[in-house]
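This is final_2.cif (mmCIF, C-alpha atoms).
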```
data_protein
#
loop_
_atom_site.label_atom_id
_atom_site.label_comp_id
_atom_site.auth_asym_id
_atom_site.auth_seq_id
_atom_site.Cartn_x
_atom_site.Cartn_y
_atom_site.Cartn_z
CA MET A 1 -60.52 37.55 -137.82
CA ASN A 2 -63.17 37.15 -135.13
CA GLN A 3 -60.63 36.89 -132.39
CA PRO A 4 -59.73 40.13 -130.66
CA ALA A 5 -56.03 39.31 -131.02
CA PRO A 6 -54.54 38.72 -127.57
CA ALA A 7 -51.35 37.91 -129.38
CA PRO A 8 -49.15 40.65 -127.93
CA ASN A 9 -49.40 39.13 -124.44
CA LYS A 10 -49.61 35.46 -125.38
CA MET A 11 -46.20 35.01 -126.89
CA PRO A 12 -44.00 36.22 -123.99
CA THR A 13 -46.13 34.22 -121.51
CA GLY A 14 -45.45 31.07 -123.51
CA ALA A 15 -41.75 31.77 -123.44
CA PHE A 16 -41.83 32.36 -119.70
CA VAL A 17 -43.71 29.12 -119.11
CA PHE A 18 -41.22 27.32 -121.29
CA ALA A 19 -38.27 28.80 -119.41
CA GLY A 20 -39.99 27.98 -116.11
CA VAL A 21 -40.43 24.35 -117.14
CA ILE A 22 -36.77 24.11 -118.15
CA ILE A 23 -35.64 25.61 -114.85
CA ALA A 24 -37.99 23.37 -112.87
CA LEU A 25 -36.74 20.27 -114.71
CA PHE A 26 -33.17 21.32 -114.09
CA PHE A 27 -33.91 21.88 -110.42
CA ILE A 28 -35.70 18.53 -110.08
CA GLY A 29 -32.77 16.84 -111.78
CA LEU A 30 -30.35 18.49 -109.40
CA MET A 31 -32.46 17.45 -106.41
CA GLY A 32 -32.60 13.89 -107.74
CA LEU A 33 -28.83 13.83 -108.02
CA LEU A 34 -28.43 15.11 -104.47
CA TYR A 35 -30.97 12.59 -103.20
CA TYR A 36 -29.12 9.80 -104.98
CA GLY A 37 -25.88 10.95 -103.35
CA VAL A 38 -27.45 11.06 -99.90
CA GLN A 39 -29.03 7.61 -100.38
CA ARG A 40 -25.66 6.20 -101.33
CA SER A 41 -23.76 7.96 -98.57
CA ASP A 42 -23.99 5.09 -96.08
CA GLU A 43 -23.03 2.37 -98.57
CA ALA A 44 -19.73 0.95 -97.45
CA GLY A 45 -18.21 0.54 -100.88
CA ARG A 46 -19.36 3.75 -102.53
CA ASP A 47 -15.81 4.96 -103.15
CA ALA A 48 -14.51 1.59 -104.30
CA LEU A 49 -12.99 1.67 -107.75
CA PRO A 50 -14.09 -0.98 -110.23
CA SER A 51 -11.01 -3.03 -111.07
CA PRO A 52 -9.94 -3.02 -114.73
CA LEU A 53 -8.48 -6.48 -114.08
CA ILE A 54 -11.84 -8.27 -114.02
CA GLY A 55 -11.92 -10.74 -116.91
CA LYS A 56 -8.19 -10.33 -117.51
CA PRO A 57 -5.31 -12.61 -116.53
CA ALA A 58 -4.17 -12.06 -112.96
CA PRO A 59 -0.82 -10.26 -112.81
CA ASP A 60 1.97 -12.64 -112.04
CA PHE A 61 3.73 -12.39 -108.72
CA ASP A 62 6.83 -13.86 -107.15
CA LEU A 63 6.77 -13.18 -103.42
CA PRO A 64 8.24 -14.71 -100.28
CA LEU A 65 6.00 -16.71 -97.97
CA LEU A 66 5.32 -14.98 -94.68
CA HIS A 67 6.03 -18.06 -92.61
CA GLU A 68 9.06 -19.22 -94.65
CA PRO A 69 10.74 -16.06 -95.97
CA GLY A 70 13.38 -18.15 -97.74
CA LYS A 71 10.74 -19.72 -100.00
CA ARG A 72 9.19 -17.82 -102.87
CA PHE A 73 5.76 -18.39 -104.26
CA THR A 74 4.40 -17.59 -107.71
CA LEU A 75 0.98 -17.27 -109.23
CA ALA A 76 1.61 -20.23 -111.53
CA GLU A 77 1.58 -22.60 -108.55
CA LEU A 78 -2.10 -21.77 -107.96
CA ARG A 79 -3.28 -22.73 -111.47
CA GLY A 80 -5.92 -25.40 -111.93
CA GLN A 81 -8.47 -24.47 -109.28
CA PRO A 82 -10.00 -21.12 -108.33
CA PHE A 83 -8.62 -19.30 -105.33
CA VAL A 84 -9.49 -16.27 -103.22
CA MET A 85 -6.76 -13.77 -102.45
CA ASN A 86 -7.37 -11.63 -99.40
CA VAL A 87 -5.21 -8.52 -98.93
CA TRP A 88 -4.61 -7.59 -95.31
CA GLY A 89 -2.19 -5.92 -92.94
CA SER A 90 -1.81 -5.74 -89.20
CA TRP A 91 -2.05 -1.92 -89.57
CA CYS A 92 -5.54 -2.19 -91.08
CA PRO A 93 -8.45 -1.89 -88.63
CA GLU A 94 -11.07 -3.03 -91.16
CA CYS A 95 -9.15 -6.27 -91.64
CA ARG A 96 -9.86 -7.17 -88.05
CA VAL A 97 -13.55 -6.52 -88.68
CA GLU A 98 -13.71 -8.92 -91.63
CA HIS A 99 -11.34 -11.51 -90.17
CA PRO A 100 -13.98 -13.62 -88.37
CA VAL A 101 -16.11 -13.64 -91.54
CA ILE A 102 -13.15 -14.68 -93.70
CA SER A 103 -12.11 -17.31 -91.17
CA LYS A 104 -15.55 -18.84 -90.96
CA PHE A 105 -15.86 -19.13 -94.73
CA ALA A 106 -12.27 -20.29 -95.27
CA LEU A 107 -12.76 -23.12 -92.79
CA THR A 108 -15.62 -24.55 -94.87
CA LYS A 109 -12.89 -25.34 -97.46
CA ARG A 110 -15.19 -24.24 -100.27
CA VAL A 111 -12.28 -22.52 -102.00
CA ARG A 112 -8.58 -21.96 -101.35
CA PHE A 113 -7.83 -18.79 -99.39
CA ILE A 114 -4.49 -17.11 -99.98
CA GLY A 115 -3.45 -14.29 -97.66
CA TYR A 116 -1.68 -11.30 -99.18
CA ASN A 117 0.15 -9.46 -96.42
CA LEU A 118 0.63 -5.86 -97.56
CA LYS A 119 3.32 -3.48 -96.36
CA ASP A 120 3.60 -5.10 -92.99
CA PRO A 121 6.68 -5.61 -90.83
CA ARG A 122 7.05 -9.41 -90.63
CA GLU A 123 6.87 -9.66 -86.82
CA ASP A 124 3.67 -7.59 -86.75
CA ALA A 125 2.04 -9.80 -89.36
CA LEU A 126 2.99 -13.02 -87.56
CA ARG A 127 1.78 -11.69 -84.21
CA TRP A 128 -1.51 -10.60 -85.77
CA LEU A 129 -2.15 -14.07 -87.21
CA GLU A 130 -1.23 -15.67 -83.89
CA GLN A 131 -3.66 -13.43 -82.07
CA TYR A 132 -6.63 -13.63 -84.44
CA GLY A 133 -6.03 -17.00 -86.07
CA ASN A 134 -4.70 -17.94 -89.49
CA PRO A 135 -7.41 -19.08 -91.92
CA TYR A 136 -5.11 -18.95 -94.95
CA LEU A 137 -3.69 -21.86 -96.88
CA MET A 138 -0.57 -19.73 -97.23
CA VAL A 139 0.35 -16.10 -96.86
CA VAL A 140 2.57 -14.21 -99.28
CA ALA A 141 4.34 -11.11 -97.99
CA ASP A 142 4.64 -7.92 -100.04
CA GLU A 143 6.55 -5.64 -97.72
CA GLU A 144 7.38 -2.99 -100.30
CA GLY A 145 3.98 -2.96 -101.93
CA ARG A 146 5.36 -3.08 -105.48
CA THR A 147 3.52 -6.19 -106.64
CA ALA A 148 0.39 -4.67 -105.12
CA ILE A 149 0.55 -1.89 -107.73
CA ASP A 150 0.40 -4.52 -110.51
CA TRP A 151 -2.78 -5.83 -108.94
CA GLY A 152 -4.29 -2.37 -108.64
CA ILE A 153 -4.39 -2.76 -104.88
CA TYR A 154 -4.71 0.58 -103.10
CA GLY A 155 -5.35 -0.44 -99.53
CA ALA A 156 -6.59 -3.23 -97.34
CA PRO A 157 -8.80 -5.15 -97.07
CA GLU A 158 -9.26 -6.09 -100.70
CA THR A 159 -10.36 -9.50 -101.91
CA PHE A 160 -9.92 -11.09 -105.34
CA LEU A 161 -11.37 -14.22 -106.87
CA VAL A 162 -9.16 -15.82 -109.53
CA ASP A 163 -10.35 -18.83 -111.54
CA GLY A 164 -8.44 -22.01 -112.43
CA LYS A 165 -7.10 -20.46 -115.64
CA GLY A 166 -5.71 -17.49 -113.76
CA ILE A 167 -8.41 -15.00 -114.84
CA VAL A 168 -9.53 -12.44 -112.25
CA ARG A 169 -13.27 -12.99 -111.77
CA TRP A 170 -14.28 -10.70 -108.97
CA LYS A 171 -12.92 -8.10 -106.62
CA HIS A 172 -14.19 -6.49 -103.46
CA VAL A 173 -12.73 -3.42 -101.80
CA GLY A 174 -13.41 -3.09 -98.08
CA ALA A 175 -14.44 -5.51 -95.38
CA ILE A 176 -16.14 -8.72 -96.50
CA THR A 177 -19.46 -9.60 -94.87
CA ASP A 178 -21.55 -12.79 -94.82
CA GLU A 179 -23.95 -11.14 -97.30
CA ILE A 180 -21.17 -10.30 -99.73
CA ILE A 181 -19.95 -13.90 -99.58
CA ALA A 182 -23.43 -15.29 -100.16
CA ASN A 183 -24.57 -12.78 -102.80
CA GLU A 184 -21.39 -12.07 -104.71
CA LEU A 185 -18.46 -14.33 -103.97
CA ILE A 186 -20.24 -17.70 -104.10
CA PRO A 187 -22.17 -16.94 -107.35
CA ALA A 188 -18.93 -15.72 -108.96
CA LEU A 189 -17.19 -18.84 -107.74
CA GLU A 190 -19.91 -21.12 -109.11
CA GLU A 191 -19.70 -19.36 -112.45
CA ALA A 192 -15.92 -19.75 -112.49
CA GLU A 193 -16.25 -23.46 -111.72
CA ALA A 194 -18.99 -24.00 -114.31
CA GLN A 195 -16.91 -22.48 -117.13
CA LYS A 196 -13.93 -24.66 -116.49
CA MET B 1 3.59 27.64 -80.20
CA SER B 2 1.36 25.60 -82.39
CA THR B 3 2.43 22.18 -81.21
CA PRO B 4 0.12 19.20 -81.85
CA ALA B 5 -0.62 19.02 -78.13
CA PHE B 6 -1.73 22.62 -78.18
CA ARG B 7 -3.98 21.95 -81.17
CA ARG B 8 -5.53 18.98 -79.45
CA ALA B 9 -6.26 21.15 -76.41
CA GLU B 10 -7.86 23.73 -78.68
CA LEU B 11 -10.02 21.08 -80.31
CA ALA B 12 -11.04 19.71 -76.95
CA ARG B 13 -11.99 23.23 -75.85
CA LEU B 14 -14.04 23.67 -79.00
CA LEU B 15 -15.78 20.36 -78.32
CA LEU B 16 -16.65 21.36 -74.79
CA ASP B 17 -17.70 24.90 -75.72
CA GLY B 18 -19.98 23.51 -78.37
CA SER B 19 -22.28 21.99 -75.75
CA LYS B 20 -22.98 25.39 -74.18
CA SER B 21 -23.93 27.09 -77.40
CA LYS B 22 -27.56 28.13 -78.02
CA SER B 23 -27.91 26.68 -81.48
CA SER B 24 -27.51 23.15 -80.20
CA ARG B 25 -28.25 21.54 -83.54
CA ALA B 26 -25.50 23.31 -85.40
CA SER B 27 -23.06 22.81 -82.58
CA SER B 28 -23.79 19.11 -82.35
CA ALA B 29 -23.11 18.82 -86.06
CA LEU B 30 -19.86 20.67 -85.51
CA ARG B 31 -19.00 18.44 -82.62
CA SER B 32 -19.64 15.25 -84.52
CA ALA B 33 -17.54 16.61 -87.40
CA LEU B 34 -14.71 17.32 -84.98
CA LEU B 35 -15.09 13.93 -83.38
CA LEU B 36 -14.87 12.26 -86.76
CA PHE B 37 -11.78 14.33 -87.47
CA LEU B 38 -10.17 13.24 -84.22
CA LEU B 39 -11.10 9.61 -84.88
CA ALA B 40 -9.50 9.87 -88.31
CA LEU B 41 -6.34 11.27 -86.68
CA SER B 42 -6.24 8.41 -84.20
CA GLY B 43 -5.99 5.88 -87.05
CA VAL B 44 -2.54 7.17 -87.97
CA GLY B 45 -1.02 5.14 -85.15
CA PHE B 46 -0.88 1.91 -87.14
CA ALA B 47 2.59 1.19 -88.49
CA GLN B 48 2.98 0.38 -92.16
CA VAL B 49 6.19 -0.40 -93.92
CA SER B 50 7.17 2.78 -95.72
CA ASP B 51 10.30 4.19 -97.25
CA PRO B 52 10.79 7.67 -95.80
CA THR B 53 13.59 8.77 -98.13
CA PRO B 54 12.37 11.66 -100.29
CA LEU B 55 12.33 11.24 -104.03
CA GLN B 56 15.58 12.18 -105.75
CA PHE B 57 15.43 14.07 -109.02
CA ARG B 58 18.34 14.18 -111.42
CA ASP B 59 17.66 17.72 -112.62
CA ASP B 60 15.07 20.50 -112.62
CA ALA B 61 13.57 19.39 -115.91
CA GLU B 62 12.80 15.96 -114.48
CA GLU B 63 11.32 17.48 -111.36
CA THR B 64 9.09 19.81 -113.38
CA ARG B 65 7.92 16.94 -115.57
CA PHE B 66 7.25 14.80 -112.51
CA HIS B 67 5.16 17.49 -110.85
CA GLN B 68 3.16 18.18 -114.00
CA LEU B 69 2.49 14.48 -114.50
CA THR B 70 1.46 13.71 -110.92
CA ALA B 71 -0.81 16.77 -110.83
CA GLU B 72 -2.76 15.25 -113.75
CA LEU B 73 -3.15 11.91 -111.98
CA ARG B 74 -5.73 11.27 -109.33
CA CYS B 75 -5.01 9.60 -106.02
CA VAL B 76 -6.92 6.32 -105.78
CA MET B 77 -7.29 6.53 -102.01
CA CYS B 78 -8.09 10.18 -101.30
CA GLN B 79 -10.23 10.51 -104.36
CA ASN B 80 -10.50 14.29 -104.35
CA GLN B 81 -6.76 14.84 -104.35
CA SER B 82 -4.19 14.56 -107.08
CA LEU B 83 -1.34 12.12 -106.81
CA ALA B 84 0.96 15.10 -106.24
CA ASP B 85 -1.01 16.42 -103.27
CA SER B 86 -2.08 13.28 -101.47
CA ASN B 87 -0.31 12.09 -98.38
CA ALA B 88 -1.88 8.61 -98.45
CA GLN B 89 0.57 5.72 -98.34
CA ILE B 90 -0.51 4.43 -101.73
CA ALA B 91 0.09 7.90 -103.20
CA HIS B 92 3.66 7.81 -101.85
CA ASP B 93 4.17 4.41 -103.44
CA LEU B 94 2.63 5.45 -106.74
CA ARG B 95 4.74 8.63 -106.89
CA ARG B 96 7.82 6.47 -106.43
CA GLU B 97 6.57 4.14 -109.17
CA VAL B 98 5.95 7.09 -111.52
CA LEU B 99 9.48 8.39 -110.96
CA ASP B 100 10.90 4.89 -111.54
CA LEU B 101 8.99 4.61 -114.80
CA MET B 102 10.28 8.04 -115.83
CA ASN B 103 13.82 6.89 -115.11
CA GLN B 104 13.20 3.84 -117.27
CA GLY B 105 12.59 6.24 -120.13
CA LYS B 106 8.82 5.81 -120.33
CA SER B 107 6.80 8.60 -121.90
CA ASP B 108 4.00 10.41 -120.06
CA ALA B 109 1.44 8.52 -122.14
CA GLU B 110 3.04 5.17 -121.27
CA ILE B 111 3.06 6.00 -117.57
CA LYS B 112 -0.61 6.97 -117.70
CA ARG B 113 -1.43 3.76 -119.56
CA PHE B 114 0.47 1.79 -116.88
CA LEU B 115 -1.70 3.28 -114.14
CA VAL B 116 -4.95 3.03 -116.11
CA ASP B 117 -4.29 -0.67 -116.78
CA ARG B 118 -4.07 -1.27 -113.04
CA TYR B 119 -6.40 1.23 -111.45
CA GLY B 120 -8.77 2.15 -114.27
CA GLU B 121 -9.67 5.36 -116.10
CA PHE B 122 -10.43 6.87 -112.73
CA VAL B 123 -6.80 7.89 -112.19
CA LEU B 124 -6.92 10.32 -115.10
CA TYR B 125 -8.27 13.79 -114.46
CA LYS B 126 -8.61 14.08 -118.24
CA PRO B 127 -10.13 10.75 -119.33
CA GLU B 128 -9.63 9.67 -122.92
CA VAL B 129 -12.46 10.09 -125.39
CA SER B 130 -14.15 6.69 -125.66
CA GLY B 131 -17.60 5.11 -125.78
CA SER B 132 -18.11 5.50 -122.05
CA THR B 133 -16.75 9.02 -121.75
CA TRP B 134 -18.07 10.80 -124.85
CA LEU B 135 -21.04 12.13 -122.91
CA LEU B 136 -18.66 13.60 -120.36
CA TRP B 137 -16.64 15.27 -123.09
CA PHE B 138 -19.37 16.43 -125.43
CA GLY B 139 -22.43 16.60 -123.14
CA PRO B 140 -21.86 20.27 -122.28
CA LEU B 141 -21.43 21.13 -125.97
CA VAL B 142 -24.67 19.30 -126.83
CA LEU B 143 -26.49 21.17 -124.05
CA LEU B 144 -25.09 24.47 -125.30
CA LEU B 145 -26.21 23.75 -128.87
CA ALA B 146 -29.65 22.68 -127.66
CA GLY B 147 -29.96 25.89 -125.65
CA ALA B 148 -28.85 27.96 -128.64
CA ALA B 149 -31.46 26.25 -130.83
CA VAL B 150 -34.22 26.99 -128.30
CA VAL B 151 -33.18 30.64 -128.03
CA PHE B 152 -33.00 30.93 -131.79
CA GLN B 153 -36.55 29.52 -132.12
CA LEU B 154 -37.94 31.88 -129.47
CA VAL B 155 -36.28 34.92 -130.96
CA ARG B 156 -37.62 34.07 -134.42
CA LYS B 157 -41.17 33.61 -133.13
CA ARG B 158 -40.98 36.81 -131.18
CA SER B 159 -39.72 38.92 -134.03
CA GLY B 160 -42.63 37.52 -136.07
CA THR B 161 -45.21 38.65 -133.49
CA ALA B 162 -43.52 42.00 -133.05
CA THR B 163 -44.40 43.02 -136.58
CA GLU B 164 -47.96 41.71 -136.10
CA VAL B 165 -48.29 43.82 -132.99
CA ALA B 166 -47.33 46.93 -134.85
CA ALA B 167 -49.93 46.23 -137.54
CA ASP B 168 -52.68 45.42 -135.01
CA ASP B 169 -51.87 48.46 -133.02
CA GLY B 170 -52.76 50.80 -135.87
CA GLN B 171 -56.16 49.06 -136.46
CA GLU B 172 -57.37 48.89 -132.85
CA TRP B 173 -56.70 52.42 -131.77
#
```

Can the structure in the file be given as structure tokens, please?
Amino acid sequence: MNQPAPAPNKMPTGAFVFAGVIIALFFIGLMGLLYYGVQRSDEAGRDALPSPLIGKPAPDFDLPLLHEPGKRFTLAELRGQPFVMNVWGSWCPECRVEHPVISKFALTKRVRFIGYNLKDPREDALRWLEQYGNPYLMVVADEEGRTAIDWGIYGAPETFLVDGKGIVRWKHVGAITDEIIANELIPALEEAEAQK
Amino acid sequence: MSTPAFRRAELARLLLDGSKSKSSRASSALRSALLLFLLALSGVGFAQVSDPTPLQFRDDAEETRFHQLTAELRCVMCQNQSLADSNAQIAHDLRREVLDLMNQGKSDAEIKRFLVDRYGEFVLYKPEVSGSTWLLWFGPLVLLLAGAAVVFQLVRKRSGTATEVAADDGQEW
């Protein structure tokens, strides 16, 4: 009863402060989101979709070989050891960027490299390999791009790691770099080999 | 007379004019945007194998169903476009695949499942309610309820003080 009752003013002020805090928090959150977006904006793979195939059996394929179109090749023939499948096309500029990196790593013979030639006219694909070198153990040709849909492929370059049991272990969308090989592909490969 | 050559000339003129403008910062941003646009155009020159025949529908009902379905699916390449709108090569191929699946008698749900199994939930504009998407579905509702609770609290407190004020008022003056 001693207090002179400043109550009439106190209550609305509290509400205003409360509303102010909410608005400020909202604003800070929004800014954080924008900052996060800007920070990510120069990451090469920011639009890459995570593949739902990881940890699942690789979709079967039955495709002609690029160099011997009369011969067909199936997934089953790759069972037993892990392999890397690299999707490329002569129409794909990024593939040329990653090609020296792929070639260098493929030549170490650490793992089998299978080329997956996507939606390419045969002559173009052959000329491209002649010009830039062929690091692949073999190249399968998917001219129509139908099998590619089963693999969830939506462009090139894309790179898959499949283990000896035919389970997809890892996928990368976009050009491969030395760092990606060292930090992602090789650890995934070691894990795949250890679990065999 | 809006031939591509004419448009290119217009763009080139815009690029050159930009350098004379006073607000050099804005114009340089505009110029780099235009340059990027031109660079993107230049990439179209690479030849991919593609089937140029347009999709054939058996009847209007099928066409309507096809358009409704592809409008609900998201293009995996141009991620802000629907499968119906996108002109990316993969969108062409996927549209063809969707029509093939329709012709095989698959239901809309089966076709969506087919694409989700290969490309992930991302392809659905309306993702299914699951552990990873419940926040997306019910987050706004939770926020709304929380806001309503806060407002309710404030209003109750206020109405309490309002009566006090009236009583005080009489005593002080």

Open item on the list: Tell me as an NGL selection string which residues belonging to chain B come within 8 Å of chain A, counting only C-alpha atoms.
Closed with: :B and (46-50 or 76-77 or 79 or 90 or 93-94 or 116-120 or 122 or 154 or 158 or 161-162 or 165)

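Of the residues under consideration (A:Leu25, A:Met85, A:Leu33, A:Leu66), A:Leu66 shows the shortest atom-to-atom contact distance to Leu129 of chain A when counting only C-alpha atoms.
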
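Here the PyMOL selection byres ((chain A and resi 57) around 10) captures the residues Leu53, Ile54, Gly55, Lys56, Ala58, Pro59, Asp60, Val162, Asp163, Lys165, Gly166, Ile167, Val168 and Arg169 of chain A.
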
Task: atom CA of Pro157 of chain A to atom CA of Leu99 of chain B, distance in Å rounded to a single decimal - done: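 We find that atom CA of Pro157 of chain A and atom CA of Leu99 of chain B lie 26.7 Å from each other.
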
- [ ] For atom CA of Ala88 of chain B and atom CA of Pro52 of chain B, determine how far apart the two atoms are, in Å to one decimal place.
- [x]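 That distance, rounded to one decimal, is 13.0 Å.
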
Specify the axis-aligned box that encloses all atoms of segment 190-193 of chain A listed in the file after padding of 5 Å on each side, stating its centre and edge lengths in Å to one decimal as lines of an AutoDock Vina configuration file.
```
center_x = -17.9
center_y = -21.4
center_z = -110.8
size_x = 14.0
size_y = 14.1
size_z = 13.4
```

TODO: May I ask which of the residues A:Trp170, A:Phe105, A:Phe26, A:Tyr136 is the closest one to Ala182 of chain A, counting only C-alpha atoms?
DONE: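 Result for the nearest residue to Ala182 of chain A: A:Phe105.
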
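Atom CA of Val129 of chain B sits 24.0 Å away from atom CA of His67 of chain B.
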
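Residues matched by the PyMOL selection byres ((chain A and resi 100-103) around 9) in this file are Asn86, Arg96, Val97, Glu98, His99, Lys104, Phe105, Ala106, Leu107, Thr108, Phe113, Tyr132, Gly133, Asn134, Pro135, Tyr136, Ile176, Thr177, Asp178 and Ile181 of chain A.
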
TODO: Could you tell me which of B:Gln153, B:Lys106, B:Lys112, B:Phe138 comes closest to Tyr125 of chain B if we count all atoms listed in the file?
DONE: B:Lys112

TODO: Name the residues that the PyMOL selection byres ((chain B and resi 101) around 12) picks from the file above, as an MDAnalysis selection string, using the file's chain letters and numbers.
DONE: chainID B and resid 62 66 69 94:100 102:115
